[in-house]
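Next comes entry_14.cif, a file with mmCIF, C-alpha atoms.
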```cif
data_run
#
loop_
_atom_site.label_atom_id
_atom_site.label_comp_id
_atom_site.auth_asym_id
_atom_site.auth_seq_id
_atom_site.Cartn_x
_atom_site.Cartn_y
_atom_site.Cartn_z
CA MET U 30 105.61 120.60 129.27
CA LYS U 31 106.81 121.54 125.78
CA VAL U 32 105.12 120.07 122.72
CA ALA U 33 106.29 120.45 119.13
CA VAL U 34 103.87 119.98 116.26
CA ILE U 35 105.71 119.47 112.98
CA GLY U 36 103.54 120.58 110.06
CA GLY U 37 101.21 123.55 109.64
CA GLY U 38 98.38 121.85 107.80
CA ALA U 39 94.89 120.80 108.92
CA ALA U 40 96.09 117.94 111.15
CA GLY U 41 98.91 119.99 112.64
CA PHE U 42 96.70 122.94 113.54
CA PHE U 43 94.03 120.71 115.01
CA ALA U 44 96.59 118.75 117.03
CA ALA U 45 98.09 121.94 118.44
CA ILE U 46 94.68 123.39 119.31
CA SER U 47 93.59 120.14 120.96
CA CYS U 48 96.84 119.86 122.91
CA LYS U 49 96.48 123.37 124.30
CA ALA U 50 92.79 122.83 125.10
CA HIS U 51 93.55 119.70 127.13
CA HIS U 52 96.87 120.83 128.62
CA ARG U 53 96.61 124.54 129.43
CA GLU U 54 100.04 124.66 131.02
CA ALA U 55 101.77 123.20 127.95
CA ILE U 56 103.92 125.32 125.65
CA VAL U 57 102.76 124.21 122.21
CA SER U 58 104.60 125.20 119.03
CA ILE U 59 103.74 124.56 115.37
CA PHE U 60 106.72 124.39 113.00
CA GLU U 61 105.98 124.82 109.28
CA LYS U 62 108.85 124.63 106.81
CA SER U 63 107.16 126.76 104.13
CA SER U 64 105.98 130.35 104.28
CA LYS U 65 102.31 129.35 104.23
CA THR U 66 100.16 127.34 106.61
CA LEU U 67 96.91 125.52 105.76
CA ALA U 68 97.73 125.64 102.04
CA LYS U 69 95.77 122.49 101.29
CA VAL U 70 92.74 123.79 103.18
CA LYS U 71 92.84 126.85 100.95
CA VAL U 72 92.55 124.95 97.65
CA SER U 73 90.39 122.01 98.72
CA GLY U 74 86.90 121.62 97.35
CA GLY U 75 87.55 124.14 94.60
CA GLY U 76 88.43 126.79 97.20
CA ARG U 77 85.40 126.02 99.37
CA CYS U 78 86.98 123.45 101.76
CA ASN U 79 85.14 120.15 101.97
CA VAL U 80 85.31 119.97 105.80
CA THR U 81 83.68 116.57 106.32
CA ASN U 82 80.83 114.41 105.01
CA ALA U 83 77.19 114.15 106.08
CA CYS U 84 77.29 110.33 106.10
CA GLU U 85 75.84 109.66 109.56
CA GLN U 86 76.43 105.98 110.24
CA GLN U 87 79.99 105.44 111.38
CA ALA U 88 80.22 102.04 109.68
CA ASP U 89 79.21 103.62 106.36
CA PHE U 90 81.57 106.55 106.93
CA LEU U 91 84.51 104.20 107.46
CA ARG U 92 83.83 102.40 104.17
CA HIS U 93 85.13 105.50 102.38
CA TYR U 94 88.72 104.79 103.44
CA PRO U 95 90.67 102.44 101.15
CA ARG U 96 93.40 102.36 103.81
CA GLY U 97 92.98 102.86 107.55
CA GLN U 98 89.28 102.19 108.11
CA LYS U 99 89.90 99.56 110.80
CA GLN U 100 92.29 101.85 112.68
CA LEU U 101 90.20 105.01 112.30
CA LYS U 102 87.27 103.23 113.93
CA LYS U 103 89.18 103.57 117.21
CA THR U 104 90.00 107.24 116.65
CA PHE U 105 86.43 108.09 115.66
CA ASN U 106 85.27 106.82 119.05
CA TYR U 107 86.95 109.93 120.49
CA PHE U 108 86.28 112.47 117.73
CA ASN U 109 84.08 111.91 114.65
CA ARG U 110 82.13 113.85 112.00
CA LYS U 111 79.49 114.93 114.51
CA ASP U 112 82.20 116.32 116.78
CA THR U 113 83.75 118.15 113.83
CA ILE U 114 80.48 119.85 112.96
CA GLU U 115 79.90 120.85 116.58
CA TRP U 116 83.49 122.08 116.96
CA PHE U 117 83.29 124.47 114.00
CA GLU U 118 79.72 125.60 114.68
CA SER U 119 80.56 126.37 118.32
CA ARG U 120 83.14 128.77 116.93
CA GLY U 121 80.73 130.51 114.60
CA VAL U 122 81.34 128.47 111.45
CA GLN U 123 78.08 127.05 110.13
CA LEU U 124 78.36 124.07 107.80
CA LYS U 125 75.96 122.88 105.09
CA ALA U 126 75.52 119.51 103.39
CA GLU U 127 75.16 119.18 99.63
CA SER U 128 73.18 116.46 97.86
CA ASP U 129 76.22 114.20 97.51
CA GLY U 130 77.02 114.43 101.24
CA ARG U 131 79.95 116.83 101.05
CA MET U 132 79.90 119.48 103.76
CA PHE U 133 81.17 123.03 103.30
CA PRO U 134 81.05 126.27 105.26
CA VAL U 135 77.88 128.18 104.34
CA THR U 136 80.16 130.94 103.05
CA ASP U 137 81.46 128.57 100.34
CA ASP U 138 84.89 129.99 101.11
CA SER U 139 87.81 127.99 102.51
CA GLN U 140 89.15 131.18 104.07
CA THR U 141 86.36 130.83 106.64
CA ILE U 142 87.91 127.57 107.88
CA ILE U 143 91.43 129.00 107.74
CA ASP U 144 90.43 132.07 109.74
CA CYS U 145 88.70 129.90 112.34
CA LEU U 146 91.76 127.68 112.83
CA ARG U 147 94.19 130.59 112.91
CA ASN U 148 92.02 132.52 115.36
CA GLU U 149 91.83 129.48 117.63
CA VAL U 150 95.62 129.06 117.52
CA GLU U 151 96.09 132.70 118.43
CA ARG U 152 93.41 132.67 121.12
CA SER U 153 94.87 129.61 122.80
CA SER U 154 98.44 131.00 122.68
CA VAL U 155 99.85 128.30 120.43
CA LEU U 156 103.19 129.48 119.03
CA LEU U 157 103.39 129.41 115.23
CA PHE U 158 106.66 129.42 113.28
CA ASN U 159 106.73 129.66 109.48
CA LYS U 160 109.85 128.92 107.43
CA LYS U 161 111.07 126.74 110.29
CA GLY U 162 112.11 123.45 108.73
CA ILE U 163 113.20 120.50 110.85
CA SER U 164 116.62 119.10 109.97
CA GLY U 165 116.80 116.46 112.68
CA LEU U 166 114.77 114.68 115.36
CA LYS U 167 116.73 112.77 118.00
CA PRO U 168 115.29 110.89 121.00
CA CYS U 169 116.88 111.86 124.32
CA ALA U 170 118.05 109.27 126.83
CA HIS U 171 115.93 110.78 129.61
CA GLY U 172 112.82 111.04 127.37
CA GLY U 173 111.58 113.59 124.90
CA PHE U 174 113.34 114.79 121.76
CA GLU U 175 115.95 117.19 120.55
CA LEU U 176 114.77 118.99 117.43
CA SER U 177 117.34 120.47 115.08
CA PHE U 178 116.24 123.31 112.82
CA GLU U 179 117.55 124.40 109.44
CA SER U 180 117.91 128.02 110.53
CA THR U 181 118.42 128.04 114.32
CA ASP U 182 119.90 126.06 117.19
CA ALA U 183 118.38 122.80 118.42
CA ASP U 184 115.72 122.77 121.13
CA TYR U 185 114.27 120.17 123.52
CA PHE U 186 110.60 119.04 123.58
CA ASP U 187 108.84 116.60 125.87
CA PHE U 188 106.48 115.43 123.13
CA VAL U 189 106.45 115.67 119.34
CA ILE U 190 103.44 115.36 117.05
CA ILE U 191 104.31 114.70 113.41
CA ALA U 192 101.70 116.06 111.00
CA THR U 193 103.80 116.70 107.91
CA GLY U 194 101.28 115.28 105.41
CA GLY U 195 101.95 112.82 102.62
CA SER U 196 105.08 112.86 100.49
CA PRO U 197 105.09 111.98 96.78
CA LYS U 198 108.67 110.72 97.10
CA PRO U 199 109.88 107.85 99.31
CA THR U 200 112.85 109.98 100.39
CA GLY U 201 110.39 112.34 102.08
CA TYR U 202 110.04 109.72 104.83
CA ASP U 203 113.76 109.01 105.33
CA TRP U 204 113.90 110.93 108.61
CA LEU U 205 111.09 108.76 110.00
CA ARG U 206 112.84 105.59 108.84
CA GLN U 207 115.90 106.76 110.76
CA LEU U 208 113.74 106.83 113.90
CA GLY U 209 113.01 103.14 113.35
CA HIS U 210 109.59 103.46 111.75
CA LYS U 211 108.51 101.25 108.87
CA ILE U 212 107.23 103.23 105.88
CA VAL U 213 104.74 101.95 103.33
CA GLU U 214 106.05 103.24 99.99
CA PRO U 215 103.95 106.20 98.81
CA VAL U 216 102.00 106.20 95.57
CA PRO U 217 99.41 108.74 94.39
CA SER U 218 95.75 108.39 95.28
CA LEU U 219 92.85 110.49 93.92
CA PHE U 220 93.87 111.20 90.34
CA THR U 221 92.24 111.53 86.93
CA PHE U 222 92.82 109.24 83.95
CA ASN U 223 94.82 110.64 81.05
CA ILE U 224 93.61 109.49 77.62
CA PRO U 225 95.98 111.18 75.18
CA GLU U 226 95.02 109.28 72.02
CA GLU U 227 91.31 110.13 72.06
CA LYS U 228 91.36 113.72 70.79
CA LYS U 229 87.62 113.93 70.11
CA LEU U 230 86.81 112.95 73.70
CA LYS U 231 88.71 115.99 74.95
CA ALA U 232 86.49 118.19 72.80
CA LEU U 233 83.74 117.30 75.30
CA MET U 234 85.75 118.92 78.13
CA GLY U 235 83.47 120.00 80.97
CA LEU U 236 80.72 117.52 80.10
CA ALA U 237 79.30 115.77 83.17
CA ILE U 238 77.55 112.41 82.98
CA PRO U 239 75.34 111.98 86.09
CA ASN U 240 75.96 108.27 86.52
CA ALA U 241 78.18 105.75 84.76
CA VAL U 242 80.03 102.56 85.63
CA VAL U 243 83.80 102.52 85.13
CA LYS U 244 85.87 99.33 85.19
CA ILE U 245 89.57 98.58 84.86
CA GLN U 246 89.93 95.77 82.36
CA GLY U 247 91.73 92.67 83.61
CA THR U 248 90.92 93.44 87.25
CA LYS U 249 87.94 93.32 89.60
CA MET U 250 88.05 97.09 90.08
CA VAL U 251 84.77 98.84 89.30
CA GLN U 252 83.07 102.00 90.57
CA GLU U 253 79.79 103.74 89.83
CA GLY U 254 79.02 107.45 89.95
CA PRO U 255 79.27 110.73 88.05
CA VAL U 256 81.95 110.99 85.35
CA LEU U 257 83.47 114.25 84.12
CA VAL U 258 85.27 114.71 80.79
CA THR U 259 88.37 116.90 81.14
CA HIS U 260 91.00 118.21 78.74
CA TRP U 261 93.17 115.30 79.95
CA GLY U 262 90.59 112.52 79.75
CA LEU U 263 88.20 111.25 82.44
CA SER U 264 87.59 112.40 86.00
CA GLY U 265 84.64 112.72 88.39
CA PRO U 266 83.71 110.69 91.48
CA ALA U 267 83.59 107.28 89.74
CA VAL U 268 87.12 107.71 88.36
CA LEU U 269 88.51 109.24 91.55
CA LYS U 270 87.10 106.40 93.66
CA LEU U 271 88.75 103.92 91.30
CA SER U 272 92.06 105.76 91.60
CA ALA U 273 91.89 105.61 95.40
CA TRP U 274 90.84 101.98 95.79
CA GLY U 275 93.21 100.88 93.02
CA ALA U 276 96.11 103.17 93.95
CA ARG U 277 98.71 100.42 94.35
CA GLN U 278 97.50 98.19 91.54
CA LEU U 279 97.34 101.08 89.06
CA SER U 280 100.82 102.17 90.14
CA ASP U 281 102.07 98.64 89.44
CA MET U 282 100.54 98.99 85.96
CA ASN U 283 102.54 102.21 85.53
CA TYR U 284 99.18 103.91 84.86
CA ASN U 285 98.81 102.15 81.51
CA PHE U 286 95.57 100.18 81.30
CA LYS U 287 92.18 100.06 79.61
CA ALA U 288 89.20 101.73 81.24
CA GLN U 289 85.77 100.42 80.28
CA VAL U 290 82.78 102.74 80.63
CA ASN U 291 79.09 101.86 80.77
CA TRP U 292 77.32 105.13 79.94
CA THR U 293 73.81 103.78 80.62
CA ASP U 294 73.51 104.21 84.39
CA GLY U 295 74.16 100.50 84.90
CA MET U 296 71.61 99.16 82.41
CA ASN U 297 72.13 95.55 81.27
CA GLU U 298 72.40 94.42 77.66
CA GLU U 299 68.88 93.00 77.39
CA GLY U 300 67.28 96.16 78.71
CA LEU U 301 69.34 98.36 76.41
CA ARG U 302 68.53 96.26 73.34
CA GLN U 303 64.83 96.65 74.11
CA ARG U 304 65.31 100.41 74.28
CA VAL U 305 67.15 100.46 70.94
CA VAL U 306 64.44 98.33 69.28
CA GLY U 307 61.76 100.51 70.83
CA VAL U 308 63.20 103.82 69.57
CA SER U 309 63.88 102.39 66.11
CA GLU U 310 60.20 101.39 65.83
CA LYS U 311 58.54 104.39 67.48
CA GLU U 312 60.86 107.01 65.99
CA SER U 313 61.60 105.25 62.70
CA LYS U 314 61.45 108.44 60.63
CA LYS U 315 63.64 110.47 62.95
CA LYS U 316 67.37 110.87 62.60
CA VAL U 317 69.39 108.89 65.12
CA LEU U 318 70.89 112.16 66.35
CA ASN U 319 67.47 113.40 67.40
CA ALA U 320 66.07 110.26 69.01
CA LYS U 321 68.13 108.66 71.79
CA PRO U 322 67.29 105.28 73.31
CA ILE U 323 68.56 106.41 76.74
CA ASP U 324 68.91 109.71 78.56
CA ILE U 325 72.51 110.81 78.06
CA PRO U 326 73.85 114.28 77.19
CA ASN U 327 73.38 115.22 73.53
CA ARG U 328 77.07 115.94 73.00
CA LEU U 329 78.02 112.53 74.35
CA TRP U 330 75.42 110.84 72.14
CA GLU U 331 76.76 112.60 69.03
CA TYR U 332 80.33 111.71 70.00
CA LEU U 333 79.44 108.00 70.44
CA LEU U 334 77.67 107.90 67.07
CA ASP U 335 80.81 109.28 65.48
CA ARG U 336 82.93 106.80 67.42
CA ILE U 337 81.16 103.85 65.75
CA ASP U 338 80.94 105.61 62.37
CA LEU U 339 77.14 105.78 62.39
CA ASP U 340 76.03 108.78 60.37
CA LYS U 341 74.05 111.02 62.71
CA ASP U 342 71.66 111.97 59.89
CA THR U 343 70.61 108.36 59.27
CA VAL U 344 66.96 107.78 60.13
CA TRP U 345 66.25 104.97 62.57
CA ALA U 346 64.38 102.91 59.96
CA GLU U 347 67.63 102.61 57.99
CA VAL U 348 69.93 101.64 60.86
CA LYS U 349 71.31 98.19 60.16
CA LYS U 350 71.38 95.37 62.69
CA LYS U 351 75.19 95.41 62.91
CA ASP U 352 75.10 99.14 63.69
CA LYS U 353 72.53 98.56 66.42
CA ASN U 354 74.84 95.91 67.89
CA ARG U 355 77.78 98.30 67.79
CA LEU U 356 75.66 101.00 69.40
CA VAL U 357 74.65 98.68 72.24
CA ASN U 358 78.26 97.63 72.72
CA ILE U 359 79.70 101.15 72.92
CA LEU U 360 77.02 102.31 75.35
CA LEU U 361 77.76 99.35 77.61
CA ASN U 362 81.46 98.71 76.99
CA ASP U 363 83.16 101.85 75.73
CA GLU U 364 86.95 101.36 75.94
CA TYR U 365 89.71 103.90 76.48
CA ALA U 366 93.47 103.42 76.63
CA VAL U 367 94.66 105.23 79.75
CA ALA U 368 98.27 106.40 79.63
CA GLY U 369 99.16 108.33 82.75
CA LYS U 370 97.44 110.32 85.45
CA THR U 371 96.86 113.90 86.54
CA THR U 372 96.50 115.21 90.08
CA PHE U 373 92.90 115.98 90.98
CA LYS U 374 92.72 119.81 90.87
CA GLU U 375 95.35 121.24 93.24
CA GLU U 376 94.79 118.52 95.80
CA PHE U 377 97.32 115.78 96.40
CA VAL U 378 96.63 112.64 98.39
CA THR U 379 99.03 109.76 98.85
CA CYS U 380 98.52 106.10 99.58
CA GLY U 381 101.40 105.20 101.87
CA GLY U 382 103.27 106.60 104.85
CA VAL U 383 103.93 105.42 108.39
CA ASP U 384 102.90 101.78 108.76
CA LEU U 385 99.64 101.62 110.70
CA SER U 386 100.74 98.67 112.83
CA GLU U 387 103.31 100.94 114.46
CA VAL U 388 100.77 103.47 115.78
CA ASP U 389 98.19 103.09 118.58
CA PHE U 390 95.06 104.71 117.10
CA ASN U 391 93.49 105.05 120.53
CA THR U 392 96.16 107.64 121.32
CA MET U 393 97.96 108.25 117.97
CA GLN U 394 101.16 107.40 119.83
CA SER U 395 104.09 105.64 118.20
CA ARG U 396 104.60 102.06 119.34
CA LYS U 397 108.34 102.60 118.76
CA LEU U 398 108.92 105.86 120.62
CA PRO U 399 106.55 106.64 123.54
CA SER U 400 106.78 110.45 123.30
CA LEU U 401 106.10 110.57 119.55
CA PHE U 402 102.63 111.00 118.02
CA PHE U 403 101.26 111.11 114.49
CA ALA U 404 98.32 112.85 112.79
CA GLY U 405 96.99 113.19 109.26
CA GLU U 406 98.28 111.96 105.92
CA VAL U 407 101.82 111.21 107.11
CA LEU U 408 100.16 107.93 108.09
CA ASP U 409 99.19 105.23 105.58
CA VAL U 410 95.58 106.45 105.76
CA ASP U 411 93.63 107.96 102.90
CA GLY U 412 89.99 108.43 101.98
CA ILE U 413 88.14 108.97 98.75
CA THR U 414 87.03 112.45 97.73
CA GLY U 415 84.14 113.91 99.71
CA GLY U 416 85.57 115.29 102.96
CA PHE U 417 86.92 112.01 104.32
CA ASN U 418 90.59 112.97 104.27
CA PHE U 419 89.92 116.14 106.25
CA GLN U 420 87.86 114.16 108.77
CA ALA U 421 90.82 111.83 109.28
CA ALA U 422 93.00 114.91 109.83
CA TRP U 423 90.63 116.46 112.40
CA SER U 424 90.16 113.17 114.26
CA THR U 425 93.78 112.03 114.42
CA GLY U 426 94.89 115.58 115.22
CA PHE U 427 92.40 115.92 118.06
CA VAL U 428 93.38 112.60 119.65
CA ALA U 429 97.13 113.16 119.22
CA GLY U 430 96.89 116.58 120.84
CA LYS U 431 94.76 115.34 123.71
CA LEU U 432 96.90 112.32 124.53
CA ALA U 433 100.34 113.92 124.08
CA GLN U 434 101.17 113.72 127.78
#
```
Reformat the file's structure so that it appears as structure tokens.
Amino acid sequence: MKVAVIGGGAAGFFAAISCKAHHREAIVSIFEKSSKTLAKVKVSGGGRCNVTNACEQQADFLRHYPRGQKQLKKTFNYFNRKDTIEWFESRGVQLKAESDGRMFPVTDDSQTIIDCLRNEVERSSVLLFNKKGISGLKPCAHGGFELSFESTDADYFDFVIIATGGSPKPTGYDWLRQLGHKIVEPVPSLFTFNIPEEKKLKALMGLAIPNAVVKIQGTKMVQEGPVLVTHWGLSGPAVLKLSAWGARQLSDMNYNFKAQVNWTDGMNEEGLRQRVVGVSEKESKKKVLNAKPIDIPNRLWEYLLDRIDLDKDTVWAEVKKKDKNRLVNILLNDEYAVAGKTTFKEEFVTCGGVDLSEVDFNTMQSRKLPSLFFAGEVLDVDGITGGFNFQAAWSTGFVAGKLAQ
């Protein structure tokens, strides 16, 4: 039995390893069109590789997938986060959980994960071919596929596992359309909000706000969590979650919309007004700069005072009612005109890919072509930041490799 795995990323490696583990007699080959394998593993998590997430309840874990949660429930019955942790630890890679649930190797180095996967490929005698792009994939009348390569002659394989990852361009899926598969048009997921007009905000680059609420005006989209100010605009978990859940809607808006930020950790207007009245009475002789009604970073407080033209040297006793109203409003409803997006670090995640109705997630087998399997982000599956996309890669890869028979 000959099995071809197209794509040398996380899902491709895991599929090949799983296939060889379950079918010792199989000749398993990974074909990667570039010179590097596991490139995304290398840069993920700031170079630490966010392997999975510590979220224990499967129902809660699945809620972190804007697309594919119903289908992944089936796949997770065969291989889930617990299995991932055991798989790596049984091969000498200890994982640790951070306070936000993200799990990394204790070395804090993605090379640890890369070395583990490469060692397992070598140990299990999986064949690995770099710079081996696929130019054609043709079903054979008697079963299996003929693979055409850009640099060498065609070859025959009994089974093919496609793990090529997401493509930012629709044309990247043309070869799968030619096989008869329906493709959900790709749009970016997991991106930061560009706010080009607000120059003073960018001066706060690197500032982290522990918890804020971010809304997209004119929609029902809202997320809560940490917010990070970047040299482009706004990022952090709250923004990234919005970008994932709203991937299609924000694409339809051409990434031009108004983001509304509540900087008060979700406080309501009545509670905030009481705080403002309280500080103005108790700290009446202090400058507004030095006496905050809520616990937010000093630099953010100074920036917001400037944003509403309230002199930071004014003492609280002299703050007028209209200025207090403006202060309450900007803390609860700060508005920013978003014009464009930026990829989150070096990571790229797409919403879109092979239509999920055309894949059996109990086996990862195509419903169109019996000898064809899928794994990873080539599917219309994506999770929010936090290790969920890698878990989908490990799980779909494991099942595809096991059931490719």
Quiz prompt | Hits of the PyMOL selection byres ((chain U and resi 347) around 12) in this structure, as a PyMOL selection string | solution = chain U and resi 309-310+312-317+339-346+348-353
| request: Starting from the displayed file, determine the output of the PyMOL selection byres ((chain U and resi 40) around 10) and express the residue list as a ChimeraX atom specification. | output: /U:34-39,41-46,67,190-194,403-407,419-427,429-430
Quiz prompt | Residues within 12 Å of Arg53 of chain U, all atoms listed in the file, excluding chain neighbours under 5 positions, as a PyMOL selection string | solution = chain U and resi 30-32+45-48+153-155+430-431+434
Next item on the list: For atom CA of Phe417 of chain U and atom CA of Val80 of chain U, quote the distance in Å rounded to one decimal.
Entry: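 Answer for the atom CA of Phe417 of chain U to atom CA of Val80 of chain U separation: 8.3 Å.
With atom CA of Phe174 of chain U on one side and atom CA of Glu54 of chain U on the other, the separation reads 19.0 Å.
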Handout entry: Selection result for the PyMOL selection byres ((chain U and resi 295) around 12) on this file, as a list in words
Key = Pro239, Asn240, Ala241, Val242, Val243, Lys244, Val251, Gln252, Glu253, Gly254, Pro255, Val290, Asn291, Trp292, Thr293, Asp294, Met296, Asn297, Glu298, Glu299, Gly300, Leu301, Ile323, Leu360, Leu361 and Asn362 of chain U
So that I can check the surroundings of Gly369 of chain U, please list as a compact mmCIF listing (two decimals) with C-alpha atoms, keeping the file's coordinate frame every protein, DNA and RNA residue that reaches within 12 Å of it, counting all atoms listed in the file and ignoring chain neighbours fewer than 6 positions away.
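Everything below was put into part_24.txt:
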```
# COMPACT_ATOMS: atom_id res chain seq x y z
CA PRO U 217 99.41 108.74 94.39
CA PHE U 220 93.87 111.20 90.34
CA THR U 221 92.24 111.53 86.93
CA PHE U 222 92.82 109.24 83.95
CA ASN U 223 94.82 110.64 81.05
CA ILE U 224 93.61 109.49 77.62
CA PRO U 225 95.98 111.18 75.18
CA GLU U 226 95.02 109.28 72.02
CA TRP U 261 93.17 115.30 79.95
CA GLY U 262 90.59 112.52 79.75
CA LEU U 263 88.20 111.25 82.44
CA SER U 272 92.06 105.76 91.60
CA LEU U 279 97.34 101.08 89.06
CA SER U 280 100.82 102.17 90.14
CA MET U 282 100.54 98.99 85.96
CA ASN U 283 102.54 102.21 85.53
CA TYR U 284 99.18 103.91 84.86
CA ASN U 285 98.81 102.15 81.51
CA PHE U 286 95.57 100.18 81.30
CA LYS U 287 92.18 100.06 79.61
```
message: So the first atom is atom CA of Arg131 of chain U and the second is atom CA of Lys111 of chain U; what is the distance between them in Å, to one decimal place?
response: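 Distance between the two atoms: 13.6 Å.
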Could I see segment 174-195 of chain U restored to N, CA and C atoms, set down as a PDB file, keeping the file's coordinate frame?
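File written: out_15.pdb
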```pdb
ATOM      1  N   PHE U 174     112.582 114.718 123.012  1.00  0.00           N
ATOM      2  CA  PHE U 174     113.340 114.790 121.760  1.00  0.00           C
ATOM      3  C   PHE U 174     114.111 116.092 121.658  1.00  0.00           C
ATOM      4  N   GLU U 175     115.214 115.988 120.962  1.00  0.00           N
ATOM      5  CA  GLU U 175     115.950 117.190 120.550  1.00  0.00           C
ATOM      6  C   GLU U 175     115.631 117.444 119.088  1.00  0.00           C
ATOM      7  N   LEU U 176     115.089 118.610 118.798  1.00  0.00           N
ATOM      8  CA  LEU U 176     114.770 118.990 117.430  1.00  0.00           C
ATOM      9  C   LEU U 176     115.842 119.933 116.902  1.00  0.00           C
ATOM     10  N   SER U 177     116.385 119.595 115.741  1.00  0.00           N
ATOM     11  CA  SER U 177     117.340 120.470 115.080  1.00  0.00           C
ATOM     12  C   SER U 177     116.617 121.206 113.960  1.00  0.00           C
ATOM     13  N   PHE U 178     116.901 122.484 113.823  1.00  0.00           N
ATOM     14  CA  PHE U 178     116.240 123.310 112.820  1.00  0.00           C
ATOM     15  C   PHE U 178     117.227 123.741 111.738  1.00  0.00           C
ATOM     16  N   GLU U 179     116.694 124.008 110.561  1.00  0.00           N
ATOM     17  CA  GLU U 179     117.550 124.400 109.440  1.00  0.00           C
ATOM     18  C   GLU U 179     118.158 125.775 109.649  1.00  0.00           C
ATOM     19  N   SER U 180     117.471 126.631 110.437  1.00  0.00           N
ATOM     20  CA  SER U 180     117.910 128.020 110.530  1.00  0.00           C
ATOM     21  C   SER U 180     118.369 128.451 111.927  1.00  0.00           C
ATOM     22  N   THR U 181     118.062 127.647 112.950  1.00  0.00           N
ATOM     23  CA  THR U 181     118.420 128.040 114.320  1.00  0.00           C
ATOM     24  C   THR U 181     118.979 126.856 115.093  1.00  0.00           C
ATOM     25  N   ASP U 182     119.356 127.110 116.337  1.00  0.00           N
ATOM     26  CA  ASP U 182     119.900 126.060 117.190  1.00  0.00           C
ATOM     27  C   ASP U 182     118.833 125.024 117.546  1.00  0.00           C
ATOM     28  N   ALA U 183     119.291 123.878 118.014  1.00  0.00           N
ATOM     29  CA  ALA U 183     118.380 122.800 118.420  1.00  0.00           C
ATOM     30  C   ALA U 183     117.640 123.183 119.695  1.00  0.00           C
ATOM     31  N   ASP U 184     116.516 122.504 119.942  1.00  0.00           N
ATOM     32  CA  ASP U 184     115.720 122.770 121.130  1.00  0.00           C
ATOM     33  C   ASP U 184     115.153 121.436 121.629  1.00  0.00           C
ATOM     34  N   TYR U 185     114.798 121.398 122.902  1.00  0.00           N
ATOM     35  CA  TYR U 185     114.270 120.170 123.520  1.00  0.00           C
ATOM     36  C   TYR U 185     112.740 120.270 123.659  1.00  0.00           C
ATOM     37  N   PHE U 186     112.059 119.122 123.406  1.00  0.00           N
ATOM     38  CA  PHE U 186     110.600 119.040 123.580  1.00  0.00           C
ATOM     39  C   PHE U 186     110.257 117.730 124.263  1.00  0.00           C
ATOM     40  N   ASP U 187     109.270 117.805 125.165  1.00  0.00           N
ATOM     41  CA  ASP U 187     108.840 116.600 125.870  1.00  0.00           C
ATOM     42  C   ASP U 187     108.076 115.643 124.958  1.00  0.00           C
ATOM     43  N   PHE U 188     107.289 116.231 124.067  1.00  0.00           N
ATOM     44  CA  PHE U 188     106.480 115.430 123.130  1.00  0.00           C
ATOM     45  C   PHE U 188     106.540 116.052 121.749  1.00  0.00           C
ATOM     46  N   VAL U 189     106.453 115.205 120.738  1.00  0.00           N
ATOM     47  CA  VAL U 189     106.450 115.670 119.340  1.00  0.00           C
ATOM     48  C   VAL U 189     105.289 115.021 118.606  1.00  0.00           C
ATOM     49  N   ILE U 190     104.525 115.854 117.892  1.00  0.00           N
ATOM     50  CA  ILE U 190     103.440 115.360 117.050  1.00  0.00           C
ATOM     51  C   ILE U 190     103.825 115.623 115.600  1.00  0.00           C
ATOM     52  N   ILE U 191     103.928 114.567 114.819  1.00  0.00           N
ATOM     53  CA  ILE U 191     104.310 114.700 113.410  1.00  0.00           C
ATOM     54  C   ILE U 191     103.048 114.748 112.541  1.00  0.00           C
ATOM     55  N   ALA U 192     102.871 115.863 111.856  1.00  0.00           N
ATOM     56  CA  ALA U 192     101.700 116.060 111.000  1.00  0.00           C
ATOM     57  C   ALA U 192     102.148 116.713 109.690  1.00  0.00           C
ATOM     58  N   THR U 193     103.159 116.101 109.079  1.00  0.00           N
ATOM     59  CA  THR U 193     103.800 116.700 107.910  1.00  0.00           C
ATOM     60  C   THR U 193     103.082 116.390 106.590  1.00  0.00           C
ATOM     61  N   GLY U 194     102.019 115.600 106.636  1.00  0.00           N
ATOM     62  CA  GLY U 194     101.280 115.280 105.410  1.00  0.00           C
ATOM     63  C   GLY U 194     101.973 114.190 104.609  1.00  0.00           C
ATOM     64  N   GLY U 195     101.375 113.856 103.477  1.00  0.00           N
ATOM     65  CA  GLY U 195     101.950 112.820 102.620  1.00  0.00           C
ATOM     66  C   GLY U 195     103.103 113.373 101.798  1.00  0.00           C
TER      67      GLY U 195
END
```
